[in-house]
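K.L.:
Sending over a structure as structure tokens; questions will come in a sec.
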Amino acid sequence: MQSVVSLVKTERLDDEGIKVALEQAVSKIGFESKQVKSVLIKPNLCYYWDYSTGETTDPRVVSALIDYIRQNCSSDPEISIIESDASAMKAKYAFKMLGYEDLAEKKKVSLVNLCDDEPIEKQVIVSGRSLRFTLPRMIFDADLFVNVPKLKVGPFASGKCLQITCALKNLFGCIHEWKKVKFHPHLDEAIVGVNKLIKPHLVVVDGVVALGKKPIKLGLVMAGSNSVAVDVVASRIMGYNPSQIKYLRMAQKEGLGKFEEVSVLGERVDDFRKLFPKRSHFFFKASWNLQLGLLGLYIGLVNDSLPSVLERK
């Protein structure tokens with residue numbers, strides 16, 4: 001059975017252009033949700049970098065999504081934007097600094113730190129490894145859960161450590177614990193494990209400003225209902241073979257989706273791939289070290305913790 005992913009490009013990168021692109025992207029995959037009472041929207045707010053850097057989800061995309069949900073629901077659902085604390089990021093500060101406090105006030109929606117929700121224990125087997133997660137109960141109780149990741153290349157995207165950050169990776173941020181660094185020794189298994197437990201009803205990808213070796217105004221909105229299918233298309237746009245990405249291979253083996261059963265509607269993948277700025281491993285390491293330095297300065301100022309995986313010897 002084919003999993004459909006839509007690609008819609010907008011030349012207008014203002015509120016109205018993004019809204020039209022999102023409506024078209026979601027409509028193309030035939031997604032409908034008429035009767036819902038509770039809606040959760042999970043953007044990628046991994047740190048305090050503005051959406052224009054390509055690192056975090058554009059609040060204008062989330063704004064357009066909120067409008068779309070309300071326009072297409074027969075009821076008036078309770079909508080919450082969710083994120084969790086991370087090792088060197090507090091959700092409450094990210095909401096404020098990245099424009100989500102203003103968005104929540106304007107759209108009359110809630111902001112929720114998942115670390116404050118009731119935790120529930122879940123166990124899952126991935127590639128023969130048993131993993132235990134603490135996850136927020138509200139995710140399992142929601143009528144509609146929408147994953148809104150950013151289109152970007154992940155850390156150390158070279159050779160054996162190739163990663164992208166899109167649909168599957170964004171759900172890693174749903175883990176209830178803020179010290180997620182403990183999962184890094186088996187990060188690929190952890191990403192797949194979380195996705196075996198949490199199944200979004202809809203994925204909307206923010207590629208308005210994407211991130212390769214540099215940010216680029218790609219003007220892309222993607223939509224799909226299968227996270228593996230979305231990441232397969234996303235990886236091809238970034239110029240990578242999906243089979244090169246360990247957690248994607250693992251997700252396929254675990255039955256979350258099949259690479260060959262993906263159908264693309266709308267724009268052509270090649271048109272975006274030609275534009276996407278490929279990331280050089282050498283220059284990425286330099287920029288990553290700079291980011292580490294700035295992160296260390298931040299931690300020294302606010303007495304926050306630095307993930308051990310980032311500590312330089």
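Letters A, B, ... mark the chains of the structure tokens in the order given; residue numbers begin at 1 per chain; ligand numbers begin at 1, in order shown.
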Please give the complete set of residues from segment 156-226 of chain A that DSSP, run on the backbone, assigns to strand (DSSP E or B), formatted as JSON, numbers by chain.

P.N.:
{"A": [164, 165, 202, 203, 204, 205, 206, 207, 208, 209, 210, 211, 215, 216, 217, 218, 219, 220, 221, 222, 223, 224]}

K.L.:
For Glu16 of chain A, which residue out of A:Val209, A:Val153, A:Leu103, A:Ala64 is the nearest one, using only C-alpha atoms?

P.N.:
A:Ala64

K.L.:
Ile79 of chain A: which residues within 9 Å, counting only C-alpha atoms, same-chain residues fewer than 5 positions away excluded, as a CSV table (one decimal) with C-alpha atoms, in the first residue's frame?

P.N.:
chain,number,residue,atom,x,y,z
A,37,LYS,CA,-11.9,17.6,20.8
A,38,SER,CA,-8.2,17.8,21.6
A,39,VAL,CA,-5.3,18.6,19.3
A,40,LEU,CA,-1.6,18.5,20.0
A,41,ILE,CA,0.9,20.2,17.7
A,66,ILE,CA,-4.1,26.0,13.6
A,108,LYS,CA,-6.1,31.3,21.8
A,109,VAL,CA,-4.2,28.1,22.1
A,110,SER,CA,-2.2,26.6,25.0
A,111,LEU,CA,1.5,26.1,25.4

K.L.:
Between A:Glu177, A:Asp206, A:Glu11, A:Glu261, which one has atoms that come closest to Val228 of chain A, using only C-alpha atoms?

P.N.:
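So, comparing all the options, the nearest one is A:Glu261.
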